[in-house]
file target-v7.txt (compact mmCIF, C-alpha atoms (C1' of nucleotides))
# COMPACT_ATOMS: atom_id res chain seq x y z
CA MET A 6 -40.73 -10.35 27.19
CA GLU A 7 -37.37 -8.84 26.68
CA ASP A 8 -36.91 -5.15 26.27
CA ARG A 9 -36.23 -4.46 22.65
CA THR A 10 -38.38 -1.38 22.45
CA SER A 11 -36.52 1.22 24.46
CA THR A 12 -37.43 3.87 21.92
CA THR A 13 -40.93 2.73 21.26
CA PRO A 14 -44.12 2.83 23.28
CA GLY A 15 -44.68 -0.23 25.36
CA HIS A 16 -46.34 -2.82 23.23
CA PRO A 17 -45.58 -6.20 24.69
CA GLU A 18 -46.49 -8.06 21.52
CA VAL A 19 -43.40 -9.41 19.89
CA THR A 20 -45.01 -11.99 17.72
CA SER A 21 -45.58 -11.62 14.02
CA SER A 22 -47.99 -8.76 13.61
CA PRO A 23 -50.02 -8.35 10.44
CA ARG A 24 -48.18 -5.16 9.73
CA GLY A 25 -46.93 -1.99 11.35
CA ASP A 26 -43.86 -3.78 12.61
CA LEU A 27 -41.71 -4.15 9.56
CA PHE A 28 -42.05 -0.46 8.95
CA SER A 29 -40.35 1.12 11.89
CA PRO A 30 -36.60 1.73 11.88
CA GLU A 31 -36.29 -0.54 14.89
CA CYS A 32 -37.92 -3.39 13.04
CA PRO A 33 -35.82 -6.52 13.48
CA THR A 34 -36.32 -7.61 9.91
CA ARG A 35 -35.32 -4.24 8.54
CA ARG A 36 -32.16 -4.30 10.60
CA LEU A 37 -31.39 -7.88 9.75
CA LEU A 38 -31.70 -7.18 6.07
CA ASP A 39 -29.54 -4.10 6.38
CA ARG A 40 -26.83 -6.37 7.68
CA VAL A 41 -27.38 -9.45 5.60
CA GLY A 42 -27.83 -7.39 2.47
CA SER A 43 -24.51 -5.70 2.95
CA LYS A 44 -21.98 -6.76 0.43
CA TRP A 45 -19.93 -9.37 2.25
CA VAL A 46 -22.06 -10.74 5.06
CA ALA A 47 -23.79 -13.50 3.15
CA MET A 48 -20.65 -14.98 1.72
CA ILE A 49 -18.74 -14.73 4.95
CA VAL A 50 -21.50 -16.45 6.87
CA LYS A 51 -21.70 -19.10 4.19
CA THR A 52 -17.97 -19.62 4.15
CA LEU A 53 -17.77 -19.90 7.90
CA ALA A 54 -20.79 -22.19 7.94
CA GLU A 55 -18.96 -24.49 5.56
CA ALA A 56 -15.44 -24.20 6.87
CA GLY A 57 -16.27 -24.10 10.56
CA GLU A 58 -13.38 -21.92 11.63
CA LEU A 59 -10.97 -19.84 9.68
CA ARG A 60 -8.10 -17.49 10.29
CA TYR A 61 -8.39 -13.94 9.14
CA ALA A 62 -6.09 -14.40 6.19
CA ASP A 63 -7.78 -17.63 5.15
CA LEU A 64 -11.16 -15.98 5.26
CA LYS A 65 -9.79 -13.12 3.24
CA ARG A 66 -8.38 -15.54 0.70
CA ARG A 67 -11.74 -17.26 0.41
CA THR A 68 -13.52 -13.97 -0.09
CA PRO A 69 -12.11 -12.73 -3.36
CA GLY A 70 -12.25 -9.00 -3.78
CA VAL A 71 -12.74 -8.09 -0.18
CA SER A 72 -10.45 -5.47 1.29
CA ALA A 73 -8.97 -5.76 4.75
CA LYS A 74 -11.11 -2.86 5.78
CA MET A 75 -14.36 -4.41 4.66
CA LEU A 76 -13.49 -7.84 5.98
CA THR A 77 -12.67 -6.46 9.38
CA GLN A 78 -15.64 -4.15 9.39
CA THR A 79 -18.01 -6.95 8.43
CA LEU A 80 -16.50 -9.30 10.96
CA ARG A 81 -16.77 -6.69 13.71
CA GLY A 82 -20.40 -6.17 12.95
CA LEU A 83 -21.09 -9.88 13.03
CA GLU A 84 -19.12 -10.13 16.23
CA ASP A 85 -21.12 -7.33 17.80
CA ASP A 86 -24.22 -9.28 16.91
CA HIS A 87 -22.69 -12.42 18.38
CA LEU A 88 -23.13 -14.19 15.10
CA VAL A 89 -19.41 -14.69 14.85
CA VAL A 90 -16.85 -15.30 17.52
CA ARG A 91 -13.27 -14.14 17.37
CA ARG A 92 -10.63 -16.27 19.01
CA VAL A 93 -7.06 -15.07 19.39
CA GLU A 94 -4.16 -17.39 19.92
CA PRO A 95 -1.55 -15.34 21.73
CA THR A 96 1.33 -16.54 19.62
CA VAL A 97 3.80 -14.24 17.91
CA PRO A 98 2.52 -13.13 15.56
CA PRO A 99 -0.99 -13.71 16.85
CA ALA A 100 -3.33 -16.08 15.07
CA VAL A 101 -6.92 -14.88 14.95
CA HIS A 102 -9.69 -17.34 14.22
CA TYR A 103 -13.27 -16.66 13.31
CA SER A 104 -16.21 -18.98 13.48
CA LEU A 105 -19.97 -18.83 13.64
CA THR A 106 -21.69 -18.94 16.98
CA PRO A 107 -24.72 -21.19 17.36
CA LEU A 108 -26.76 -18.08 16.65
CA GLY A 109 -24.76 -17.48 13.49
CA ARG A 110 -25.31 -21.05 12.39
CA SER A 111 -29.00 -20.65 13.01
CA LEU A 112 -29.01 -17.60 10.78
CA ASP A 113 -27.38 -19.62 8.07
CA GLU A 114 -30.55 -21.69 7.81
CA PRO A 115 -32.95 -19.04 6.52
CA LEU A 116 -30.03 -17.66 4.56
CA ALA A 117 -29.57 -21.03 2.94
CA ALA A 118 -33.25 -21.01 2.05
CA LEU A 119 -32.73 -17.70 0.33
CA ARG A 120 -29.67 -19.02 -1.51
CA ASP A 121 -31.72 -21.96 -2.54
CA TRP A 122 -34.47 -19.76 -3.86
CA ALA A 123 -31.93 -17.66 -5.70
CA GLU A 124 -30.30 -20.61 -7.35
CA THR A 125 -33.63 -22.05 -8.33
CA HIS A 126 -35.29 -18.91 -9.62
CA MET A 127 -32.77 -16.29 -10.61
CA SER A 128 -32.22 -17.78 -14.04
CA GLU A 129 -35.96 -17.57 -14.55
CA ILE A 130 -35.85 -13.94 -13.56
CA ASP A 131 -33.00 -13.33 -15.94
CA GLN A 132 -34.95 -14.85 -18.80
CA HIS A 133 -37.91 -12.64 -18.08
CA ARG A 134 -35.71 -9.60 -17.87
CA GLN A 135 -34.20 -10.30 -21.24
CA GLU A 136 -37.54 -10.85 -22.88
CA THR A 137 -39.22 -7.88 -21.32
CA ALA A 138 -36.12 -5.72 -21.52
CA ARG A 139 -37.39 -2.20 -21.60
CA GLN A 140 -34.65 0.18 -22.40
CA ALA A 141 -34.16 3.43 -20.58
CA MET B 13 -34.22 9.87 -17.97
CA GLU B 14 -33.23 7.86 -15.06
CA ASP B 15 -31.02 4.85 -15.37
CA ARG B 16 -32.77 1.91 -13.82
CA THR B 17 -30.22 -0.63 -14.91
CA SER B 18 -27.56 0.13 -12.38
CA THR B 19 -27.70 -3.34 -10.93
CA THR B 20 -27.66 -5.12 -14.22
CA PRO B 21 -24.73 -5.81 -16.55
CA GLY B 22 -26.47 -4.21 -19.49
CA HIS B 23 -25.54 -7.05 -21.80
CA PRO B 24 -26.98 -10.53 -21.60
CA GLU B 25 -23.70 -12.04 -22.70
CA VAL B 26 -22.46 -14.86 -20.57
CA THR B 27 -19.52 -13.63 -18.62
CA SER B 28 -17.48 -16.51 -17.37
CA SER B 29 -16.56 -15.46 -13.89
CA PRO B 30 -12.87 -15.73 -13.10
CA ARG B 31 -13.84 -17.01 -9.70
CA GLY B 32 -16.48 -19.49 -8.78
CA ASP B 33 -20.01 -19.08 -7.57
CA LEU B 34 -21.19 -17.03 -4.67
CA PHE B 35 -18.34 -14.63 -5.09
CA SER B 36 -18.80 -13.38 -8.59
CA PRO B 37 -21.02 -10.41 -9.38
CA GLU B 38 -23.24 -12.71 -11.42
CA CYS B 39 -23.93 -14.93 -8.44
CA PRO B 40 -27.68 -15.36 -8.09
CA THR B 41 -27.59 -15.04 -4.33
CA ARG B 42 -25.50 -11.92 -4.46
CA ARG B 43 -27.93 -10.34 -6.89
CA LEU B 44 -30.97 -11.46 -4.99
CA LEU B 45 -29.62 -9.96 -1.81
CA ASP B 46 -28.77 -6.76 -3.59
CA ARG B 47 -32.43 -6.46 -4.43
CA VAL B 48 -34.01 -7.84 -1.32
CA GLY B 49 -31.63 -5.90 0.87
CA SER B 50 -32.59 -2.62 -0.71
CA LYS B 51 -34.54 -0.45 1.59
CA TRP B 52 -38.14 -1.02 0.54
CA VAL B 53 -38.30 -4.36 -1.20
CA ALA B 54 -38.87 -6.52 1.84
CA MET B 55 -41.75 -4.51 3.17
CA ILE B 56 -43.39 -4.10 -0.20
CA VAL B 57 -43.24 -7.80 -0.86
CA LYS B 58 -44.57 -8.50 2.59
CA THR B 59 -47.38 -6.00 2.22
CA LEU B 60 -48.40 -7.34 -1.15
CA ALA B 61 -48.16 -10.89 0.14
CA GLU B 62 -50.62 -9.99 2.85
CA ALA B 63 -52.91 -7.64 0.97
CA GLY B 64 -52.96 -9.52 -2.31
CA GLU B 65 -53.38 -6.52 -4.54
CA LEU B 66 -53.06 -2.84 -3.89
CA ARG B 67 -53.25 0.39 -5.77
CA TYR B 68 -50.22 2.57 -5.96
CA ALA B 69 -51.54 5.08 -3.44
CA ASP B 70 -52.63 2.36 -1.04
CA LEU B 71 -49.27 0.74 -1.22
CA LYS B 72 -47.66 4.09 -0.62
CA ARG B 73 -49.92 4.67 2.37
CA ARG B 74 -48.95 1.30 3.80
CA THR B 75 -45.28 2.01 3.35
CA PRO B 76 -44.65 4.91 5.68
CA GLY B 77 -41.72 7.05 4.74
CA VAL B 78 -41.38 5.93 1.16
CA SER B 79 -41.18 8.60 -1.49
CA ALA B 80 -43.02 8.30 -4.77
CA LYS B 81 -39.69 8.01 -6.48
CA MET B 82 -38.50 5.11 -4.36
CA LEU B 83 -41.82 3.34 -4.46
CA THR B 84 -41.96 3.52 -8.23
CA GLN B 85 -38.32 2.61 -8.60
CA THR B 86 -38.69 -0.39 -6.33
CA LEU B 87 -41.87 -1.49 -8.03
CA ARG B 88 -40.28 -1.20 -11.47
CA GLY B 89 -37.39 -3.35 -10.38
CA LEU B 90 -39.72 -5.98 -8.99
CA GLU B 91 -41.77 -5.79 -12.14
CA ASP B 92 -38.71 -6.26 -14.31
CA ASP B 93 -37.97 -9.36 -12.27
CA HIS B 94 -41.55 -10.54 -12.70
CA LEU B 95 -41.99 -10.67 -8.97
CA VAL B 96 -44.72 -8.09 -9.16
CA VAL B 97 -47.31 -7.46 -11.79
CA ARG B 98 -48.72 -4.07 -12.64
CA ARG B 99 -52.30 -3.87 -13.80
CA VAL B 100 -53.79 -0.68 -15.17
CA GLU B 101 -57.46 0.01 -15.28
CA PRO B 102 -57.95 2.49 -18.08
CA THR B 103 -60.30 4.72 -16.16
CA VAL B 104 -59.87 8.44 -15.82
CA PRO B 105 -57.80 8.93 -13.84
CA PRO B 106 -56.22 5.52 -14.28
CA ALA B 107 -56.16 3.06 -11.40
CA VAL B 108 -52.92 1.10 -11.17
CA HIS B 109 -52.85 -2.10 -9.18
CA TYR B 110 -49.86 -4.06 -8.02
CA SER B 111 -49.72 -7.62 -6.84
CA LEU B 112 -47.21 -10.40 -6.44
CA THR B 113 -46.78 -12.94 -9.17
CA PRO B 114 -46.56 -16.60 -8.22
CA LEU B 115 -42.81 -16.11 -8.36
CA GLY B 116 -43.11 -13.16 -6.00
CA ARG B 117 -45.20 -15.19 -3.61
CA SER B 118 -42.64 -17.96 -3.72
CA LEU B 119 -39.96 -15.45 -2.78
CA ASP B 120 -42.03 -14.39 0.17
CA GLU B 121 -41.50 -17.82 1.68
CA PRO B 122 -37.76 -17.68 2.31
CA LEU B 123 -38.27 -14.03 3.12
CA ALA B 124 -40.81 -14.98 5.75
CA ALA B 125 -38.30 -17.43 7.17
CA LEU B 126 -35.86 -14.59 7.50
CA ARG B 127 -38.48 -12.37 9.13
CA ASP B 128 -39.21 -15.18 11.48
CA TRP B 129 -35.58 -15.55 12.37
CA ALA B 130 -35.31 -11.83 12.90
CA GLU B 131 -38.30 -11.66 15.16
CA THR B 132 -37.07 -14.60 17.14
CA HIS B 133 -33.46 -13.61 17.49
CA MET B 134 -32.97 -9.90 17.03
CA SER B 135 -33.87 -9.12 20.62
CA GLU B 136 -31.16 -11.54 21.66
CA ILE B 137 -28.73 -9.75 19.41
CA ASP B 138 -29.72 -6.41 20.84
CA GLN B 139 -29.05 -7.62 24.34
CA HIS B 140 -25.60 -8.80 23.37
CA ARG B 141 -24.88 -5.56 21.61
CA GLN B 142 -25.80 -3.54 24.66
CA GLU B 143 -23.60 -5.63 26.89
CA THR B 144 -20.65 -5.70 24.57
CA ALA B 145 -21.20 -2.19 23.23
CA ARG B 146 -18.27 -1.31 21.02
CA GLN B 147 -18.54 2.38 20.33
CA ALA B 148 -16.75 4.20 17.55
C1' DC C 16 -0.22 -11.62 10.77
C1' DG C 17 -3.99 -8.90 11.55
C1' DG C 18 -5.31 -5.21 11.61
C1' DT C 19 -6.21 0.93 11.58
C1' DA C 20 -6.63 5.40 9.61
C1' DT C 21 -7.61 8.39 5.86
C1' DC C 22 -9.35 9.91 1.90
C1' DC C 23 -12.15 9.28 -2.15
C1' DA C 24 -15.52 7.12 -5.63
C1' DT C 25 -19.71 5.02 -6.18
C1' DT C 26 -24.33 3.85 -4.98
C1' DT C 27 -28.47 4.61 -2.91
C1' DT C 28 -31.98 7.30 -1.04
C1' DG C 29 -34.57 11.50 -0.10
C1' DA C 30 -36.75 16.26 -1.00
C1' DT C 31 -38.96 18.98 -3.96
C1' DA C 32 -41.26 20.43 -7.95
C1' DC C 33 -43.92 19.38 -11.84
C1' DT C 34 -47.24 16.53 -15.26
C1' DG C 35 -50.74 13.66 -18.20
C1' DC D 2 -54.09 9.24 -9.29
C1' DA D 3 -49.82 7.81 -10.60
C1' DG D 4 -46.23 8.95 -11.72
C1' DT D 5 -41.17 11.95 -13.75
C1' DA D 6 -37.26 15.06 -13.44
C1' DT D 7 -33.60 17.02 -11.02
C1' DC D 8 -30.61 17.87 -7.47
C1' DA D 9 -28.43 16.97 -3.21
C1' DA D 10 -27.39 14.26 0.86
C1' DA D 11 -26.24 10.20 3.02
C1' DA D 12 -24.67 5.63 3.25
C1' DT D 13 -21.55 2.29 1.48
C1' DG D 14 -17.52 0.44 -0.36
C1' DG D 15 -12.66 0.67 -2.13
C1' DA D 16 -7.50 2.20 -2.47
C1' DT D 17 -3.71 3.20 -0.13
C1' DA D 18 -0.54 3.78 3.58
C1' DC D 19 0.88 2.64 7.93
C1' DC D 20 1.26 0.00 12.72
C1' DG D 21 1.94 -3.45 16.89
call {"tool": "encode", "arguments": {"input": "target-v7.txt", "output": "structure tokens"}}
result
Amino acid sequence: MEDRTSTTPGHPEVTSSPRGDLFSPECPTRRLLDRVGSKWVAMIVKTLAEAGELRYADLKRRTPGVSAKMLTQTLRGLEDDHLVVRRVEPTVPPAVHYSLTPLGRSLDEPLAALRDWAETHMSEIDQHRQETARQA
Amino acid sequence: MEDRTSTTPGHPEVTSSPRGDLFSPECPTRRLLDRVGSKWVAMIVKTLAEAGELRYADLKRRTPGVSAKMLTQTLRGLEDDHLVVRRVEPTVPPAVHYSLTPLGRSLDEPLAALRDWAETHMSEIDQHRQETARQA
DNA sequence: CGGTATCCATTTTGATACTG
DNA sequence: CAGTATCAAAATGGATACCG
């Protein structure tokens, strides 16, 4: 197996353990959720999944409310994870394109499942919350 | 008293979002990810999905690092969403049990898909990150 | 066009102490 | 046992200004 445990004692098991895995800071799920739960990742991945490839400014336009800082920061993180690839056309001024890698597209699948769940059940949750509304 | 409604609008009034779907603050996916992405939700849901029902102290024991405050706060949020149900046995001292609702168990499915993706692909991501290391 | 750099506000989480 | 209350720290996100 690959070395993903440089800071942990050598336990070769990488498969889904009953528990004790999700709880360490190195836990893949923990780290994935830290990323995916961050404010712009989900919509950027979704947008790129749908649009295929977009220039920086287009992506920014399609992500209402995002600042240049956050867009870049999010994109850099995704790029570091190889979920997104950055392609520069050396024109003047340069045109920078972003798209999902195959890995990024594969992430969009479980993400889509989550979106699906949200769209199916969040209204239900909202109803419950209104009924049970306990005030602070 | 602590304000537990920081992630909610505070008024059930229908706010027509100036922009479309995934991008407005009322977007179900956005709100789901805000919850699920919070530090302890994923592991609590997973633990309850596996254990079925647990007392507060047991749950705390199985969630290393969590403070009473965060555990309670997380549980209250999940309870408000009807993802978790709280059952009190009126003994002295009282025994409080938590378990997933059917809705909570249904959420565990897409969540499990995400875990699965993470366990399959995060090592890959880590390798890339080491190779391409972009340090601040 | 596609970013960086800086500073600041908000949110979120943690530590600690105390209670019915 | 199962929480609350309070304060502080840390992480996150946003506004603004500037650059190649």
call {"tool": "atom_distance", "arguments": {"input": "target-v7.txt", "atom1": "atom CA of A:Leu119", "atom2": "atom CA of B:Pro122"}}
result
5.4 Å
call {"tool": "interface_residues", "arguments": {"input": "target-v7.txt", "of": "chain A", "to": "chain D", "cutoff": "12 Å", "atoms": "only C-alpha atoms (C1' of nucleotides)", "output": "list of chain:residue names"}}
result
A:Asp39, A:Arg40, A:Gly42, A:Ser43, A:Lys44, A:Trp45, A:Gly70, A:Val71, A:Ser72, A:Ala73, A:Lys74, A:Met75, A:Leu76, A:Gln78, A:Thr79, A:Val97, A:Pro98, A:Pro99
call {"tool": "atom_distance", "arguments": {"input": "target-v7.txt", "atom1": "atom CA of B:Asp70", "atom2": "atom CA of B:Val108"}}
result
10.2 Å
call {"tool": "atom_distance", "arguments": {"input": "target-v7.txt", "atom1": "atom CA of B:Leu44", "atom2": "atom CA of B:Asp92"}}
result
13.2 Å
call {"tool": "closest_atom_pairs", "arguments": {"input": "target-v7.txt", "of": "chain C", "to": "chain B", "cutoff": "12 Å", "atoms": "all atoms listed in the file", "output": "Markdown table"}}
result
| residue | atom | partner | partner_atom | distance |
| --- | --- | --- | --- | --- |
| C:DT25 | C1' | B:Ser18 | CA | 11.1 |
| C:DT26 | C1' | B:Ser18 | CA | 8.9 |
| C:DT27 | C1' | B:Ser50 | CA | 8.6 |
| C:DT28 | C1' | B:Met82 | CA | 7.6 |
| C:DG29 | C1' | B:Ser79 | CA | 7.4 |
| C:DA30 | C1' | B:Ser79 | CA | 8.9 |
| C:DT31 | C1' | B:Ser79 | CA | 10.9 |
| C:DG35 | C1' | B:Pro105 | CA | 9.6 |
call {"tool": "write_last_selection", "arguments": {"input": "target-v7.txt", "atoms": "C-alpha atoms (C1' of nucleotides)", "output": "mmCIF file, in the frame of the given file"}}
result
data_model
loop_
_atom_site.group_PDB
_atom_site.id
_atom_site.type_symbol
_atom_site.label_atom_id
_atom_site.label_comp_id
_atom_site.auth_asym_id
_atom_site.auth_seq_id
_atom_site.Cartn_x
_atom_site.Cartn_y
_atom_site.Cartn_z
ATOM 1 C "C1'" DT C 25 -19.710 5.020 -6.180
ATOM 2 C "C1'" DT C 26 -24.330 3.850 -4.980
ATOM 3 C "C1'" DT C 27 -28.470 4.610 -2.910
ATOM 4 C "C1'" DT C 28 -31.980 7.300 -1.040
ATOM 5 C "C1'" DG C 29 -34.570 11.500 -0.100
ATOM 6 C "C1'" DA C 30 -36.750 16.260 -1.000
ATOM 7 C "C1'" DT C 31 -38.960 18.980 -3.960
ATOM 8 C "C1'" DG C 35 -50.740 13.660 -18.200
#
call {"tool": "closest_atom_pairs", "arguments": {"input": "target-v7.txt", "of": "chain B", "to": "chain A", "cutoff": "6 Å", "atoms": "only C-alpha atoms", "output": "Markdown table"}}
result
| residue | atom | partner | partner_atom | distance |
| --- | --- | --- | --- | --- |
| B:Pro40 | CA | A:Ala123 | CA | 5.4 |
| B:Thr41 | CA | A:Ala123 | CA | 5.3 |
| B:Leu45 | CA | A:Gly42 | CA | 5.3 |
| B:Gly49 | CA | A:Gly42 | CA | 4.4 |
| B:Asp92 | CA | A:Arg134 | CA | 5.7 |
| B:Asp93 | CA | A:Ile130 | CA | 5.2 |
| B:Pro122 | CA | A:Leu119 | CA | 5.4 |
| B:Ala125 | CA | A:Pro115 | CA | 5.6 |
| B:Leu126 | CA | A:Pro115 | CA | 5.4 |
| B:Arg127 | CA | A:Thr34 | CA | 5.3 |
| B:Ala130 | CA | A:Thr34 | CA | 5.3 |
| B:Glu131 | CA | A:Pro33 | CA | 5.9 |
| B:Met134 | CA | A:Pro33 | CA | 5.7 |
| B:Ser135 | CA | A:Arg9 | CA | 5.6 |
| B:Ile137 | CA | A:Asp86 | CA | 5.2 |
| B:Arg141 | CA | A:Asp85 | CA | 5.6 |
call {"tool": "write_last_selection", "arguments": {"input": "target-v7.txt", "atoms": "C-alpha atoms", "output": "PDB file, keeping the file's coordinate frame"}}
result
ATOM      1  CA  PRO B  40     -27.680 -15.360  -8.090  1.00  0.00           C
ATOM      2  CA  THR B  41     -27.590 -15.040  -4.330  1.00  0.00           C
ATOM      3  CA  LEU B  45     -29.620  -9.960  -1.810  1.00  0.00           C
ATOM      4  CA  GLY B  49     -31.630  -5.900   0.870  1.00  0.00           C
ATOM      5  CA  ASP B  92     -38.710  -6.260 -14.310  1.00  0.00           C
ATOM      6  CA  ASP B  93     -37.970  -9.360 -12.270  1.00  0.00           C
ATOM      7  CA  PRO B 122     -37.760 -17.680   2.310  1.00  0.00           C
ATOM      8  CA  ALA B 125     -38.300 -17.430   7.170  1.00  0.00           C
ATOM      9  CA  LEU B 126     -35.860 -14.590   7.500  1.00  0.00           C
ATOM     10  CA  ARG B 127     -38.480 -12.370   9.130  1.00  0.00           C
ATOM     11  CA  ALA B 130     -35.310 -11.830  12.900  1.00  0.00           C
ATOM     12  CA  GLU B 131     -38.300 -11.660  15.160  1.00  0.00           C
ATOM     13  CA  MET B 134     -32.970  -9.900  17.030  1.00  0.00           C
ATOM     14  CA  SER B 135     -33.870  -9.120  20.620  1.00  0.00           C
ATOM     15  CA  ILE B 137     -28.730  -9.750  19.410  1.00  0.00           C
ATOM     16  CA  ARG B 141     -24.880  -5.560  21.610  1.00  0.00           C
TER      17      ARG B 141
END
